[in-house]
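Undergrad: I am attaching a structure below and will ask some questions about it afterwards.
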Amino acid sequence: MLRWLFVIVFLFGCVAKHPPLSECNTIKDCALAVKAKLVSNLTPEEPVYPKPIVISFLLNDKAEVVFYEVLTDENNEVLEKAITEAIRNSSPFTELFGLSKPDFEEFKEIRLTVDLTR
């Protein structure tokens, strides 16, 4: 009986150490995952924007967006509202928990380019 208890505890311990498939393990993979998540939550009234959009944001230790800025040349309120909603619906970026601590710290302040030009 004690041996089975040990096996069960061992198995649960092994499962707990492996990140879910939705997590990423490199900064490049995480950047792609975050972009994909943002784009999947982006529903602007104008589905095509004439140039790529640059979004700069800061994450806390829980991978929640605490500050963001849309860096575009134009003042497009519809697009900025859509981006705000996409960020709100995408945060927290739990995919990032697969990164090592130093990589996560580096990723917490990031600038991404999202291309909607198609």
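Ordered as shown in the structure tokens, chains take letters A, B, and onward, while each chain numbers its residues from 1 and ligands are numbered from 1 in the order shown.
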How would you write, as a ChimeraX atom specification, the set of residues in range 26-91 of chain A that DSSP gives as strand (DSSP E)?
TA: /A:53-59,65-71
Undergrad: Using only C-alpha atoms, determine which residues lie at most 10 Å from Ile83 in chain A, disregarding the query and same-chain residues fewer than 3 positions distant; provide the list as a list in words.
TA: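 Close residues of Ile83 in chain A: Leu38, Val39, Asn41, Leu42, Thr43, Pro44, Ile53, Ile55, Tyr68, Glu69, Val70, Glu77, Val78, Leu79, Glu80, Ala86, Ile87, Arg88 and Asn89 of chain A.
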Undergrad: Produce a file of the selected residues containing N, CA and C atoms, as a PDB file, in the first residue's frame.
TA:
ATOM      1  N   LEU A  38      -2.993  38.006 -29.246  1.00  0.00           N
ATOM      2  CA  LEU A  38      -3.511  39.359 -29.468  1.00  0.00           C
ATOM      3  C   LEU A  38      -4.330  39.432 -30.752  1.00  0.00           C
ATOM      4  N   VAL A  39      -3.790  38.885 -31.831  1.00  0.00           N
ATOM      5  CA  VAL A  39      -4.493  38.937 -33.121  1.00  0.00           C
ATOM      6  C   VAL A  39      -5.815  38.172 -33.048  1.00  0.00           C
ATOM      7  N   ASN A  41      -7.718  37.944 -30.599  1.00  0.00           N
ATOM      8  CA  ASN A  41      -8.671  38.745 -29.829  1.00  0.00           C
ATOM      9  C   ASN A  41      -8.900  40.131 -30.425  1.00  0.00           C
ATOM     10  N   LEU A  42      -8.285  40.413 -31.546  1.00  0.00           N
ATOM     11  CA  LEU A  42      -8.409  41.720 -32.188  1.00  0.00           C
ATOM     12  C   LEU A  42      -9.521  41.678 -33.222  1.00  0.00           C
ATOM     13  N   THR A  43     -10.529  42.494 -33.009  1.00  0.00           N
ATOM     14  CA  THR A  43     -11.647  42.534 -33.951  1.00  0.00           C
ATOM     15  C   THR A  43     -11.952  43.984 -34.319  1.00  0.00           C
ATOM     16  N   PRO A  44     -11.036  44.621 -35.045  1.00  0.00           N
ATOM     17  CA  PRO A  44     -11.321  46.008 -35.438  1.00  0.00           C
ATOM     18  C   PRO A  44     -12.429  46.059 -36.474  1.00  0.00           C
ATOM     19  N   ILE A  53       1.213  47.529 -36.788  1.00  0.00           N
ATOM     20  CA  ILE A  53       0.967  48.261 -35.546  1.00  0.00           C
ATOM     21  C   ILE A  53       2.011  47.834 -34.525  1.00  0.00           C
ATOM     22  N   ILE A  55       2.966  47.711 -30.622  1.00  0.00           N
ATOM     23  CA  ILE A  55       2.384  47.798 -29.275  1.00  0.00           C
ATOM     24  C   ILE A  55       3.505  47.562 -28.277  1.00  0.00           C
ATOM     25  N   TYR A  68       0.350  49.714 -21.313  1.00  0.00           N
ATOM     26  CA  TYR A  68       0.578  49.485 -22.735  1.00  0.00           C
ATOM     27  C   TYR A  68       0.476  50.805 -23.472  1.00  0.00           C
ATOM     28  N   GLU A  69       1.069  50.826 -24.652  1.00  0.00           N
ATOM     29  CA  GLU A  69       1.030  51.999 -25.503  1.00  0.00           C
ATOM     30  C   GLU A  69       0.973  51.531 -26.954  1.00  0.00           C
ATOM     31  N   VAL A  70       0.077  52.113 -27.716  1.00  0.00           N
ATOM     32  CA  VAL A  70      -0.028  51.822 -29.141  1.00  0.00           C
ATOM     33  C   VAL A  70       0.798  52.879 -29.859  1.00  0.00           C
ATOM     34  N   GLU A  77      -8.900  56.056 -33.511  1.00  0.00           N
ATOM     35  CA  GLU A  77      -9.599  55.674 -32.283  1.00  0.00           C
ATOM     36  C   GLU A  77     -10.225  54.284 -32.375  1.00  0.00           C
ATOM     37  N   VAL A  78     -10.735  53.920 -33.539  1.00  0.00           N
ATOM     38  CA  VAL A  78     -11.353  52.601 -33.705  1.00  0.00           C
ATOM     39  C   VAL A  78     -10.310  51.507 -33.499  1.00  0.00           C
ATOM     40  N   LEU A  79      -9.157  51.683 -34.114  1.00  0.00           N
ATOM     41  CA  LEU A  79      -8.084  50.701 -33.989  1.00  0.00           C
ATOM     42  C   LEU A  79      -7.572  50.637 -32.547  1.00  0.00           C
ATOM     43  N   GLU A  80      -7.365  51.793 -31.931  1.00  0.00           N
ATOM     44  CA  GLU A  80      -6.868  51.804 -30.554  1.00  0.00           C
ATOM     45  C   GLU A  80      -7.862  51.163 -29.585  1.00  0.00           C
ATOM     46  N   ALA A  86      -8.421  43.847 -27.242  1.00  0.00           N
ATOM     47  CA  ALA A  86      -7.618  42.643 -27.487  1.00  0.00           C
ATOM     48  C   ALA A  86      -6.640  42.406 -26.336  1.00  0.00           C
ATOM     49  N   ILE A  87      -6.019  43.462 -25.854  1.00  0.00           N
ATOM     50  CA  ILE A  87      -5.091  43.335 -24.725  1.00  0.00           C
ATOM     51  C   ILE A  87      -5.846  42.895 -23.478  1.00  0.00           C
ATOM     52  N   ARG A  88      -6.985  43.502 -23.229  1.00  0.00           N
ATOM     53  CA  ARG A  88      -7.794  43.158 -22.055  1.00  0.00           C
ATOM     54  C   ARG A  88      -8.241  41.691 -22.118  1.00  0.00           C
ATOM     55  N   ASN A  89      -8.636  41.234 -23.297  1.00  0.00           N
ATOM     56  CA  ASN A  89      -9.103  39.851 -23.453  1.00  0.00           C
ATOM     57  C   ASN A  89      -7.958  38.836 -23.487  1.00  0.00           C
TER      58      ASN A  89
END
Undergrad: Closest to Asp103 in chain A among A:Cys24, A:Tyr49, A:Glu85, A:Phe67, using only C-alpha atoms?
TA: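 The closest residue to Asp103 in chain A is A:Cys24.
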Undergrad: Rank nothing, just name the residue among A:Lys108, A:Ser90, A:Ala82, A:Asp115 nearest to Ser56 in chain A, using only C-alpha atoms.
TA: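 Of all the options, A:Lys108 lies closest to Ser56 in chain A.
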Undergrad: Restricting the calculation to only C-alpha atoms, which member of A:Phe57, A:Lys51, A:Ala31, A:Asn76 is positioned closest to Arg111 in chain A?
TA: A:Phe57
Undergrad: Please determine, counting only C-alpha atoms, which residue among A:Leu99, A:Val66, A:Leu59, A:Ala36 has the shortest atom-to-atom distance to Thr113 in chain A.
TA: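 Ranking A:Leu99, A:Val66, A:Leu59, A:Ala36 by distance to Thr113 in chain A, first place goes to A:Ala36.
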Undergrad: Quick one, how far is CA of Lys101 in chain A from CA of Lys35 in chain A?
TA: 20.7 Å
Undergrad: CA of Phe93 in chain A and CA of Glu64 in chain A are how many Å apart?
TA: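 CA of Phe93 in chain A sits 6.5 Å away from CA of Glu64 in chain A.
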Undergrad: Which parts of range 71-109 of chain A does DSSP call helix (DSSP H, G or I) when run on the backbone here, written out as a ChimeraX atom specification?
TA: /A:77-90,94-98,101-107
Undergrad: Pick out the closest residue to Pro52 in chain A from this set: A:Val65, A:Thr72, A:Val34, A:Pro102. Count only C-alpha atoms.
TA: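 Between A:Val65, A:Thr72, A:Val34, A:Pro102, the residue approaching Pro52 in chain A most closely is A:Thr72.
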Undergrad: My list of candidates is A:Ala63, A:Gly98, A:Ile27, A:Val114. Which is closest to Ser40 in chain A when distances are computed with only C-alpha atoms?
TA: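 Among A:Ala63, A:Gly98, A:Ile27, A:Val114, it is A:Val114 that comes nearest to Ser40 in chain A.
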